[in-house]
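Okay, input-v3.cif is below, mmCIF, C-alpha atoms and all ligand atoms:
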```cif
data_entry
loop_
_atom_site.label_atom_id
_atom_site.label_comp_id
_atom_site.auth_asym_id
_atom_site.auth_seq_id
_atom_site.Cartn_x
_atom_site.Cartn_y
_atom_site.Cartn_z
CA MET A 1 1.85 -22.51 -34.33
CA LYS A 2 4.51 -24.73 -32.89
CA ASN A 3 7.87 -25.13 -34.59
CA LYS A 4 8.64 -28.44 -36.20
CA VAL A 5 12.06 -30.05 -36.46
CA SER A 6 12.66 -33.30 -38.33
CA ILE A 7 15.73 -35.39 -37.68
CA ILE A 8 16.73 -37.79 -40.44
CA GLY A 9 18.70 -40.69 -38.98
CA ALA A 10 17.48 -41.78 -35.54
CA GLY A 11 20.75 -43.41 -34.53
CA MET A 12 22.99 -42.25 -31.71
CA THR A 13 23.36 -38.65 -32.84
CA GLY A 14 19.82 -38.25 -34.14
CA SER A 15 18.10 -39.60 -31.05
CA THR A 16 20.41 -37.74 -28.68
CA THR A 17 19.63 -34.53 -30.58
CA ALA A 18 15.92 -35.27 -30.12
CA HIS A 19 16.55 -35.74 -26.40
CA TRP A 20 18.35 -32.39 -25.98
CA LEU A 21 15.76 -30.59 -28.13
CA ALA A 22 12.77 -32.10 -26.32
CA GLU A 23 14.17 -30.85 -23.00
CA LYS A 24 14.22 -27.36 -24.45
CA GLU A 25 10.54 -27.54 -25.48
CA ILE A 26 11.14 -25.42 -28.55
CA ALA A 27 9.65 -27.63 -31.28
CA ASP A 28 7.68 -30.74 -32.04
CA LEU A 29 9.97 -33.44 -33.31
CA VAL A 30 9.97 -36.11 -36.02
CA LEU A 31 12.53 -38.92 -36.15
CA VAL A 32 13.01 -40.74 -39.48
CA ASP A 33 15.15 -43.82 -40.02
CA ILE A 34 15.25 -46.78 -42.40
CA VAL A 35 15.34 -49.34 -39.59
CA GLU A 36 11.80 -50.60 -39.12
CA GLY A 37 10.22 -49.79 -35.77
CA MET A 38 13.33 -48.12 -34.35
CA PRO A 39 12.38 -44.43 -34.83
CA GLN A 40 8.82 -45.23 -33.69
CA GLY A 41 10.13 -46.97 -30.57
CA LYS A 42 12.57 -44.19 -29.67
CA ALA A 43 9.95 -41.50 -30.31
CA LEU A 44 7.43 -43.27 -28.10
CA ASP A 45 9.97 -43.75 -25.32
CA LEU A 46 10.95 -40.07 -25.45
CA GLN A 47 7.27 -39.05 -25.61
CA GLN A 48 6.68 -40.99 -22.40
CA ALA A 49 9.53 -39.08 -20.71
CA MET A 50 7.78 -35.75 -21.34
CA PRO A 51 5.29 -35.98 -18.44
CA VAL A 52 8.22 -36.64 -16.09
CA VAL A 53 10.12 -33.56 -17.20
CA TYR A 54 6.95 -31.45 -17.68
CA LYS A 55 7.48 -30.66 -21.35
CA ASP A 56 4.70 -30.43 -23.91
CA VAL A 57 6.43 -31.73 -26.98
CA THR A 58 5.05 -34.14 -29.58
CA ILE A 59 7.58 -36.67 -30.85
CA VAL A 60 6.81 -38.89 -33.84
CA GLY A 61 8.90 -41.69 -35.32
CA SER A 62 8.58 -42.89 -38.90
CA ASN A 63 10.18 -44.92 -41.67
CA ASP A 64 8.95 -42.58 -44.37
CA TYR A 65 9.17 -38.91 -45.02
CA GLU A 66 5.46 -37.98 -44.98
CA ALA A 67 5.62 -37.20 -41.27
CA THR A 68 8.27 -34.51 -41.89
CA ALA A 69 5.94 -32.29 -43.99
CA GLY A 70 6.01 -28.63 -42.98
CA SER A 71 9.27 -28.77 -41.01
CA ASP A 72 11.01 -25.51 -40.13
CA ILE A 73 14.33 -27.28 -39.80
CA VAL A 74 15.61 -30.62 -41.08
CA VAL A 75 18.63 -32.10 -39.32
CA ILE A 76 20.46 -34.73 -41.37
CA THR A 77 22.40 -37.28 -39.33
CA ALA A 78 21.59 -40.32 -41.49
CA GLY A 79 24.58 -42.34 -42.61
CA ILE A 80 27.28 -44.56 -41.23
CA PRO A 81 29.69 -43.39 -38.52
CA ARG A 82 33.45 -44.07 -38.43
CA LYS A 83 35.08 -47.24 -37.13
CA PRO A 84 38.58 -47.18 -35.59
CA GLY A 85 41.21 -46.44 -38.23
CA MET A 86 38.75 -44.76 -40.62
CA SER A 87 38.92 -41.12 -41.61
CA ARG A 88 35.72 -39.11 -42.08
CA ASP A 89 36.44 -39.11 -45.82
CA ASP A 90 36.23 -42.92 -45.88
CA LEU A 91 32.48 -42.53 -45.35
CA LEU A 92 31.96 -40.57 -48.56
CA THR A 93 30.68 -43.25 -50.93
CA THR A 94 28.02 -44.61 -48.59
CA ASN A 95 26.91 -41.37 -47.01
CA ALA A 96 26.66 -39.27 -50.19
CA LYS A 97 23.73 -41.30 -51.52
CA ILE A 98 21.99 -41.24 -48.14
CA VAL A 99 22.37 -37.47 -47.71
CA GLN A 100 21.26 -36.73 -51.25
CA LYS A 101 18.08 -38.77 -50.78
CA ALA A 102 17.38 -37.27 -47.35
CA THR A 103 17.75 -33.76 -48.76
CA THR A 104 15.52 -34.15 -51.79
CA GLU A 105 12.82 -36.16 -49.98
CA THR A 106 12.53 -33.69 -47.11
CA LEU A 107 12.59 -30.59 -49.31
CA ASN A 108 9.69 -31.96 -51.38
CA LEU A 109 7.58 -31.86 -48.23
CA SER A 110 9.18 -28.86 -46.49
CA PRO A 111 10.29 -26.51 -49.26
CA GLU A 112 11.10 -23.67 -46.85
CA ALA A 113 13.13 -25.72 -44.37
CA ILE A 114 16.62 -24.85 -43.22
CA ILE A 115 18.92 -27.84 -43.46
CA VAL A 116 21.45 -28.58 -40.73
CA VAL A 117 23.89 -31.28 -41.79
CA LEU A 118 25.83 -33.49 -39.42
CA THR A 119 26.66 -36.53 -41.53
CA ASN A 120 30.35 -36.94 -42.34
CA PRO A 121 32.45 -36.06 -44.26
CA LEU A 122 30.72 -32.94 -43.02
CA ASP A 123 31.83 -30.10 -45.27
CA THR A 124 31.28 -32.18 -48.39
CA MET A 125 27.89 -33.47 -47.24
CA ALA A 126 26.72 -29.89 -46.59
CA TYR A 127 27.94 -28.97 -50.10
CA LEU A 128 26.01 -31.93 -51.51
CA ALA A 129 22.83 -30.97 -49.64
CA MET A 130 22.96 -27.40 -50.95
CA LYS A 131 23.65 -28.45 -54.55
CA SER A 132 21.14 -31.30 -54.70
CA GLY A 133 18.46 -29.24 -53.00
CA LYS A 134 19.27 -26.24 -55.27
CA LEU A 135 19.12 -24.16 -52.11
CA PRO A 136 20.35 -20.67 -51.45
CA PRO A 137 23.60 -20.94 -49.42
CA GLN A 138 21.99 -19.29 -46.43
CA ARG A 139 19.69 -22.27 -45.87
CA VAL A 140 22.35 -24.96 -45.38
CA ILE A 141 24.62 -25.08 -42.33
CA GLY A 142 27.04 -27.83 -41.41
CA GLN A 143 27.61 -28.63 -37.76
CA ALA A 144 31.27 -29.07 -36.93
CA GLY A 145 32.78 -25.87 -35.56
CA ILE A 146 30.73 -25.72 -32.37
CA LEU A 147 31.76 -29.31 -31.63
CA ASP A 148 35.45 -28.86 -32.43
CA SER A 149 35.52 -25.62 -30.43
CA ALA A 150 33.69 -27.28 -27.53
CA ARG A 151 36.30 -30.03 -27.46
CA MET A 152 39.04 -27.43 -27.22
CA ARG A 153 37.06 -25.55 -24.54
CA ALA A 154 36.68 -28.73 -22.52
CA PHE A 155 40.43 -29.44 -22.69
CA VAL A 156 41.37 -25.85 -21.73
CA SER A 157 38.91 -25.86 -18.85
CA MET A 158 40.30 -29.19 -17.60
CA GLU A 159 43.90 -27.94 -17.94
CA LEU A 160 43.37 -24.64 -16.10
CA GLY A 161 40.64 -25.68 -13.67
CA VAL A 162 38.37 -22.80 -14.71
CA SER A 163 34.70 -22.82 -15.62
CA VAL A 164 33.80 -23.73 -19.18
CA GLU A 165 31.76 -20.53 -19.13
CA ASN A 166 35.00 -18.54 -19.12
CA VAL A 167 36.62 -20.47 -21.94
CA HIS A 168 35.98 -19.29 -25.50
CA CYS A 169 37.64 -21.20 -28.30
CA TYR A 170 37.36 -20.89 -32.03
CA VAL A 171 38.22 -23.75 -34.35
CA LEU A 172 37.87 -22.98 -38.05
CA GLY A 173 38.47 -24.91 -41.28
CA GLY A 174 37.33 -28.29 -42.49
CA HIS A 175 36.04 -30.91 -40.06
CA GLY A 176 39.11 -33.14 -40.36
CA ASP A 177 42.56 -33.51 -38.88
CA GLU A 178 43.61 -30.31 -40.72
CA MET A 179 41.12 -28.16 -38.77
CA VAL A 180 42.52 -24.87 -37.49
CA PRO A 181 42.24 -24.10 -33.75
CA LEU A 182 42.92 -20.36 -33.34
CA SER A 183 45.01 -19.97 -30.20
CA HIS A 184 45.25 -16.18 -30.21
CA ILE A 185 41.56 -15.37 -30.73
CA SER A 186 40.59 -18.14 -28.30
CA ASN A 187 40.63 -16.81 -24.75
CA VAL A 188 39.92 -17.36 -21.09
CA ALA A 189 37.83 -14.49 -19.70
CA GLY A 190 39.25 -12.22 -22.40
CA VAL A 191 42.92 -13.19 -22.07
CA PRO A 192 44.28 -14.85 -25.25
CA LEU A 193 45.09 -18.53 -24.83
CA ASP A 194 48.66 -18.15 -26.05
CA GLU A 195 49.30 -15.72 -23.18
CA ILE A 196 47.95 -18.11 -20.55
CA LEU A 197 49.24 -21.52 -21.54
CA PRO A 198 52.88 -22.47 -22.07
CA PRO A 199 53.55 -23.32 -25.75
CA ASP A 200 53.96 -27.06 -25.16
CA ARG A 201 50.66 -27.34 -23.25
CA LEU A 202 48.86 -25.24 -25.85
CA GLU A 203 50.25 -27.39 -28.65
CA ALA A 204 49.12 -30.54 -26.84
CA ILE A 205 45.59 -29.15 -26.51
CA VAL A 206 45.50 -28.09 -30.16
CA GLU A 207 46.63 -31.57 -31.23
CA ARG A 208 44.12 -33.32 -28.99
CA THR A 209 41.36 -31.08 -30.37
CA ARG A 210 42.29 -31.96 -33.96
CA LYS A 211 42.13 -35.65 -33.14
CA GLY A 212 39.21 -35.29 -30.70
CA GLY A 213 36.73 -37.27 -32.79
CA GLY A 214 39.24 -40.05 -33.46
CA GLU A 215 40.05 -40.37 -29.76
CA ILE A 216 36.39 -41.16 -29.05
CA VAL A 217 36.08 -43.53 -32.04
CA SER A 218 39.08 -45.51 -30.70
CA LEU A 219 37.51 -45.74 -27.26
CA LEU A 220 34.00 -46.65 -28.42
CA LYS A 221 35.20 -49.04 -31.14
CA THR A 222 31.69 -49.39 -32.63
CA GLY A 223 30.67 -45.83 -33.43
CA SER A 224 31.59 -42.20 -33.10
CA ALA A 225 30.84 -39.38 -30.67
CA TYR A 226 27.24 -38.34 -30.25
CA TYR A 227 26.60 -36.40 -27.02
CA ALA A 228 28.69 -33.37 -27.94
CA PRO A 229 27.73 -33.41 -31.65
CA ALA A 230 24.05 -33.56 -30.66
CA ALA A 231 24.44 -30.75 -28.12
CA ALA A 232 26.07 -28.66 -30.85
CA VAL A 233 23.21 -29.26 -33.30
CA THR A 234 20.74 -28.35 -30.57
CA GLN A 235 22.46 -25.01 -30.04
CA MET A 236 22.21 -24.30 -33.78
CA VAL A 237 18.54 -25.31 -33.98
CA GLU A 238 17.71 -23.11 -30.99
CA ALA A 239 19.59 -20.16 -32.53
CA ILE A 240 17.56 -20.53 -35.74
CA LEU A 241 14.15 -20.96 -34.11
CA LYS A 242 14.70 -18.10 -31.65
CA ASN A 243 16.36 -15.90 -34.28
CA LYS A 244 19.21 -15.38 -31.84
CA GLN A 245 21.81 -14.02 -34.29
CA LEU A 246 24.29 -16.24 -32.47
CA ILE A 247 27.89 -16.17 -33.67
CA VAL A 248 29.48 -19.61 -33.69
CA PRO A 249 31.87 -21.48 -35.95
CA ALA A 250 29.99 -23.65 -38.46
CA ALA A 251 30.37 -24.91 -42.01
CA ALA A 252 28.97 -22.38 -44.47
CA TYR A 253 29.15 -21.93 -48.22
CA LEU A 254 31.90 -19.48 -49.08
CA GLN A 255 31.83 -17.10 -52.02
CA GLY A 256 35.10 -15.24 -51.67
CA GLU A 257 35.25 -15.01 -47.87
CA TYR A 258 38.66 -16.02 -46.51
CA GLY A 259 39.83 -16.07 -50.15
CA LEU A 260 37.80 -19.25 -50.82
CA ASN A 261 35.10 -19.98 -53.35
CA ASP A 262 32.52 -22.71 -53.96
CA ILE A 263 33.31 -24.69 -50.83
CA PHE A 264 31.66 -25.45 -47.49
CA PHE A 265 34.13 -24.63 -44.76
CA GLY A 266 34.18 -23.90 -41.04
CA VAL A 267 34.07 -20.14 -40.40
CA PRO A 268 32.39 -17.91 -37.81
CA VAL A 269 28.77 -17.42 -38.84
CA GLN A 270 25.86 -15.49 -37.41
CA ILE A 271 22.85 -17.79 -37.11
CA GLY A 272 19.24 -16.60 -37.10
CA ARG A 273 15.79 -17.41 -38.49
CA ASN A 274 17.09 -17.32 -42.07
CA GLY A 275 19.94 -19.72 -41.35
CA VAL A 276 23.36 -18.24 -42.05
CA GLU A 277 22.63 -14.53 -41.63
CA LYS A 278 26.23 -13.41 -41.98
CA ILE A 279 29.75 -14.77 -42.36
CA ILE A 280 32.26 -13.05 -40.09
CA GLU A 281 35.82 -12.55 -41.34
CA TYR A 282 38.52 -12.63 -38.65
CA GLN A 283 41.86 -10.94 -39.13
CA LEU A 284 44.20 -13.92 -39.24
CA ASN A 285 47.97 -14.07 -39.07
CA ASP A 286 50.05 -15.65 -41.86
CA ALA A 287 50.37 -19.03 -40.13
CA GLU A 288 46.61 -19.26 -39.55
CA ARG A 289 45.90 -18.24 -43.15
CA GLU A 290 48.33 -20.89 -44.38
CA ALA A 291 46.74 -23.54 -42.15
CA LEU A 292 43.27 -22.64 -43.45
CA LYS A 293 44.53 -22.97 -47.02
CA LYS A 294 45.84 -26.45 -46.27
CA SER A 295 42.56 -27.45 -44.63
CA ALA A 296 40.59 -26.10 -47.61
CA GLY A 297 42.78 -28.20 -49.90
CA ALA A 298 41.74 -31.33 -48.01
CA VAL A 299 38.03 -30.42 -48.27
CA ARG A 300 38.41 -29.69 -52.00
CA GLU A 301 39.85 -33.16 -52.58
CA THR A 302 36.76 -34.73 -51.00
CA ILE A 303 34.45 -32.47 -53.02
CA SER A 304 36.26 -33.59 -56.21
CA ALA A 305 35.80 -37.22 -55.16
CA LEU A 306 32.11 -36.48 -54.65
CA HIS A 307 31.79 -35.08 -58.18
CA SER A 308 33.24 -38.30 -59.59
CA LEU A 309 30.72 -40.34 -57.58
CA ILE A 310 27.47 -38.51 -57.99
CA GLU A 311 25.87 -36.06 -60.40
CA ILE A 312 24.95 -32.78 -58.76
N1 LIG A 401 17.56 -42.85 -44.33
C1 LIG A 401 17.35 -42.66 -43.01
N2 LIG A 401 18.21 -43.11 -42.07
C2 LIG A 401 19.27 -43.80 -42.49
C3 LIG A 401 19.54 -44.05 -43.84
C4 LIG A 401 18.63 -43.52 -44.78
N3 LIG A 401 18.80 -43.71 -46.09
N4 LIG A 401 20.69 -44.75 -43.92
C5 LIG A 401 21.13 -44.94 -42.67
N5 LIG A 401 20.27 -44.37 -41.79
C6 LIG A 401 20.33 -44.37 -40.34
C7 LIG A 401 20.82 -45.66 -39.74
O1 LIG A 401 19.83 -46.67 -39.76
C8 LIG A 401 21.20 -45.22 -38.33
O2 LIG A 401 20.15 -45.43 -37.41
O3 LIG A 401 21.24 -43.40 -39.85
C9 LIG A 401 21.49 -43.72 -38.49
C10 LIG A 401 22.92 -43.34 -38.12
O4 LIG A 401 23.06 -43.56 -36.78
P1 LIG A 401 24.35 -44.21 -36.11
O5 LIG A 401 24.75 -45.42 -36.90
O6 LIG A 401 24.07 -44.39 -34.67
O7 LIG A 401 25.48 -43.12 -36.35
P2 LIG A 401 25.69 -41.71 -35.58
O8 LIG A 401 26.71 -41.89 -34.54
O9 LIG A 401 24.39 -41.12 -35.23
O10 LIG A 401 26.38 -40.88 -36.76
C11 LIG A 401 25.65 -40.48 -37.91
O11 LIG A 401 26.76 -38.37 -38.03
O12 LIG A 401 28.54 -37.61 -36.75
C12 LIG A 401 28.16 -38.16 -37.97
O13 LIG A 401 30.10 -39.44 -38.67
C13 LIG A 401 28.78 -39.52 -38.19
O14 LIG A 401 28.14 -39.68 -40.48
C14 LIG A 401 27.84 -40.11 -39.18
C15 LIG A 401 26.49 -39.55 -38.76
#
```
Can you give me the file's structure in the form of structure tokens?
Ligand code: APR
Amino acid sequence: MKNKVSIIGAGMTGSTTAHWLAEKEIADLVLVDIVEGMPQGKALDLQQAMPVVYKDVTIVGSNDYEATAGSDIVVITAGIPRKPGMSRDDLLTTNAKIVQKATTETLNLSPEAIIVVLTNPLDTMAYLAMKSGKLPPQRVIGQAGILDSARMRAFVSMELGVSVENVHCYVLGGHGDEMVPLSHISNVAGVPLDEILPPDRLEAIVERTRKGGGEIVSLLKTGSAYYAPAAAVTQMVEAILKNKQLIVPAAAYLQGEYGLNDIFFGVPVQIGRNGVEKIIEYQLNDAEREALKKSAGAVRETISALHSLIEI
């Protein structure tokens, strides 16, 4: 039987995710959106691209959830994106209701599905999905760390003129401006970044990584990044469906790891057919530990705001 992946929210990120996934031919796809005709139109267009690229994938668009029944994975991208000057937390009030509905509706029809959350504010939306779906922590993963790390990898590769394949970066923490790029564990072909780059260049890259999403929002003016976020989701979906046991940074529910409890937070996780198979604990130095604490504080504030908005 073929795998089935449903993507809730067929906007920029949702439809780009469908595009990347279809090219991989690893699952049939369903796109759901509230805008009438839009998910159907995008699905049909993508379906008609399949003969050109020789991929046997069925893509369905819908305005209701029935079509998602029996999904192996549900990707939630529904919600509003940032406008210039907005933080991810500014999206909380609108997106919380959307994510809660998307979670409960899809789980009714796909009770075994693994949920991958992309809607911002990311860590808090993943927390909301897990709590409202009453899911075991393993089955909810937030996409942020692969994206933030990929931004850093792109900047390092551009700075040094080396292949992205040689650049390994690890950005942990919440998906906000307090995220924590690890410059010692990050490396180029095994050599730690802080031994390769002069401190001022490294600091500039770290800063640009932290503000990477905002830089794109300012340029686009009417939306936020979607190519790299969608590529990151695709990597996670593939790791789950192929049971790859892939280690990447992602938002997972912590129960004591890194000294944190009852919070979704970006940490290295091992991803396989069960979702989060394992949380990996890095040995961090004092400054990194302190930075993670600060980032966790910011996520906790948004989770508290969520509790005052919505009953979970
Ligand atoms: N059910 C289904 N779809 C919905 C709902 C809902 N209740 N509410 C909104 N949507 C849809 C919108 O109609 C839109 O097509 O979600 C889609 C979001 O797409 P975009 O506006 O293009 O936004 P996008 O860039 O894809 O970002 C979506 O992901 O990266 C995050 O911060 C970003 O939270 C934002 C989300």
How would you write as a PDB file with C-alpha atoms, keeping the file's coordinate frame the residues that get within 9 Å of (31.5, -32.5, -44.1) in the file's frame, counting all atoms listed in the file?
```pdb
ATOM      1  CA  ARG A  88      35.720 -39.110 -42.080  1.00  0.00           C
ATOM      2  CA  ASP A  89      36.440 -39.110 -45.820  1.00  0.00           C
ATOM      3  CA  VAL A 117      23.890 -31.280 -41.790  1.00  0.00           C
ATOM      4  CA  LEU A 118      25.830 -33.490 -39.420  1.00  0.00           C
ATOM      5  CA  THR A 119      26.660 -36.530 -41.530  1.00  0.00           C
ATOM      6  CA  ASN A 120      30.350 -36.940 -42.340  1.00  0.00           C
ATOM      7  CA  PRO A 121      32.450 -36.060 -44.260  1.00  0.00           C
ATOM      8  CA  LEU A 122      30.720 -32.940 -43.020  1.00  0.00           C
ATOM      9  CA  ASP A 123      31.830 -30.100 -45.270  1.00  0.00           C
ATOM     10  CA  THR A 124      31.280 -32.180 -48.390  1.00  0.00           C
ATOM     11  CA  MET A 125      27.890 -33.470 -47.240  1.00  0.00           C
ATOM     12  CA  ALA A 126      26.720 -29.890 -46.590  1.00  0.00           C
ATOM     13  CA  TYR A 127      27.940 -28.970 -50.100  1.00  0.00           C
ATOM     14  CA  GLY A 142      27.040 -27.830 -41.410  1.00  0.00           C
ATOM     15  CA  GLN A 143      27.610 -28.630 -37.760  1.00  0.00           C
ATOM     16  CA  ALA A 144      31.270 -29.070 -36.930  1.00  0.00           C
ATOM     17  CA  GLY A 174      37.330 -28.290 -42.490  1.00  0.00           C
ATOM     18  CA  HIS A 175      36.040 -30.910 -40.060  1.00  0.00           C
ATOM     19  CA  GLY A 176      39.110 -33.140 -40.360  1.00  0.00           C
ATOM     20  CA  ALA A 251      30.370 -24.910 -42.010  1.00  0.00           C
ATOM     21  CA  PHE A 264      31.660 -25.450 -47.490  1.00  0.00           C
ATOM     22  CA  PHE A 265      34.130 -24.630 -44.760  1.00  0.00           C
ATOM     23  CA  VAL A 299      38.030 -30.420 -48.270  1.00  0.00           C
ATOM     24  CA  THR A 302      36.760 -34.730 -51.000  1.00  0.00           C
TER      25      THR A 302
END
```
Notebook entry, point to check: Do you have the CA of Glu178 in chain A-CA of Glu288 in chain A distance handy?
Noted result: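 Value for the CA of Glu178 in chain A-CA of Glu288 in chain A distance: 11.5 Å.
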Item checked: Protein, DNA and RNA residues within 12 Å of (13.8, -46.8, -38.2), all atoms listed in the file, as a list of chain:residue names ->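 Answer for this query, in the requested form: A:Ile7, A:Ile8, A:Gly9, A:Ala10, A:Gly11, A:Gly14, A:Ser15, A:Val30, A:Leu31, A:Val32, A:Asp33, A:Ile34, A:Val35, A:Glu36, A:Gly37, A:Met38, A:Pro39, A:Gln40, A:Gly41, A:Lys42, A:Ala43, A:Val60, A:Gly61, A:Ser62, A:Asn63, A:Asp64, A:Tyr65, A:Ala78.
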Checklist line | Test item: residues at most 10 Å from Ala49 in chain A, all atoms listed in the file, excluding those fewer than 6 positions along its chain, as a ChimeraX atom specification | finding: /A:19,22-23,43,55
Export of the given selection (C-alpha atoms) as a PDB file, in the frame of the given file:
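Here's the written file result.pdb:
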```pdb
ATOM      1  CA  HIS A  19      16.550 -35.740 -26.400  1.00  0.00           C
ATOM      2  CA  ALA A  22      12.770 -32.100 -26.320  1.00  0.00           C
ATOM      3  CA  GLU A  23      14.170 -30.850 -23.000  1.00  0.00           C
ATOM      4  CA  ALA A  43       9.950 -41.500 -30.310  1.00  0.00           C
ATOM      5  CA  LYS A  55       7.480 -30.660 -21.350  1.00  0.00           C
TER       6      LYS A  55
END
```
Note to self: So the first atom is CA of Val269 in chain A and the second is CA of Ile247 in chain A; what is the distance between them in Å, to one decimal place?
What the structure shows: 5.4 Å
Notebook entry, point to check: Restricting the calculation to all atoms listed in the file, which member of A:Val140, A:Ile185, A:Leu241, A:Val162 is positioned closest to Lys4 in chain A?
Noted result: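 With all atoms listed in the file as the atom set, the closest residue is A:Leu241.
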Next item on the list: For each of A:Glu165, A:Glu301, A:Asp28, A:Glu105, take the minimum atom-to-atom distance to Met50 in chain A, counting only C-alpha atoms, then give the residue where this is smallest.
Entry: A:Asp28
Next item on the list: Pick out the closest residue to ligand LIG 401 (chain A) from this set: A:Leu306, A:Leu109, A:Leu92, A:Leu160. Count all atoms listed in the file.
Entry: A:Leu92
Margin query: For a test of reading the model, state the distance in Å between CA of Ile271 in chain A and CA of Ile240 in chain A, rounded to one decimal.
Written below: 6.1 Å
Checklist line | From A:Ala154, A:Ala204, A:Ile98, A:Ala232, residue lying nearest ligand LIG 401 (chain A) [only C-alpha atoms and all ligand atoms] | finding: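 Of the candidates, the smallest distance to ligand LIG 401 (chain A) is held by A:Ile98.
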Close residues, Val206 in chain A itself excluded, 12 Å, only C-alpha atoms, min 6 positions apart in chain, as a compact mmCIF listing (two decimals) with C-alpha atoms, in the frame of the given file:
```txt
# COMPACT_ATOMS: atom_id res chain seq x y z
CA ASP A 148 35.45 -28.86 -32.43
CA SER A 149 35.52 -25.62 -30.43
CA ARG A 151 36.30 -30.03 -27.46
CA MET A 152 39.04 -27.43 -27.22
CA ARG A 153 37.06 -25.55 -24.54
CA ALA A 154 36.68 -28.73 -22.52
CA PHE A 155 40.43 -29.44 -22.69
CA VAL A 156 41.37 -25.85 -21.73
CA CYS A 169 37.64 -21.20 -28.30
CA TYR A 170 37.36 -20.89 -32.03
CA VAL A 171 38.22 -23.75 -34.35
CA ASP A 177 42.56 -33.51 -38.88
CA GLU A 178 43.61 -30.31 -40.72
CA MET A 179 41.12 -28.16 -38.77
CA VAL A 180 42.52 -24.87 -37.49
CA PRO A 181 42.24 -24.10 -33.75
CA LEU A 182 42.92 -20.36 -33.34
CA SER A 183 45.01 -19.97 -30.20
CA HIS A 184 45.25 -16.18 -30.21
CA SER A 186 40.59 -18.14 -28.30
CA LEU A 193 45.09 -18.53 -24.83
CA ASP A 194 48.66 -18.15 -26.05
CA LEU A 197 49.24 -21.52 -21.54
CA PRO A 199 53.55 -23.32 -25.75
CA ASP A 200 53.96 -27.06 -25.16
CA GLY A 212 39.21 -35.29 -30.70
```
Checklist line | Residue neighbourhood Lys83 in chain A, 12 Å, all atoms listed in the file, exclusion window fewer than 5 positions, as JSON, numbers by chain | finding: {"A": [88, 89, 90, 91, 213, 214, 215, 216, 217, 218, 219, 220, 221, 222, 223, 224, 225]}
Checklist line | Contact residues around Ile279 in chain A with all atoms listed in the file at 8 Å, ignoring same-chain residues under 2 positions, as a PyMOL selection string | finding: chain A and resi 252+257+267-270+276-277+281
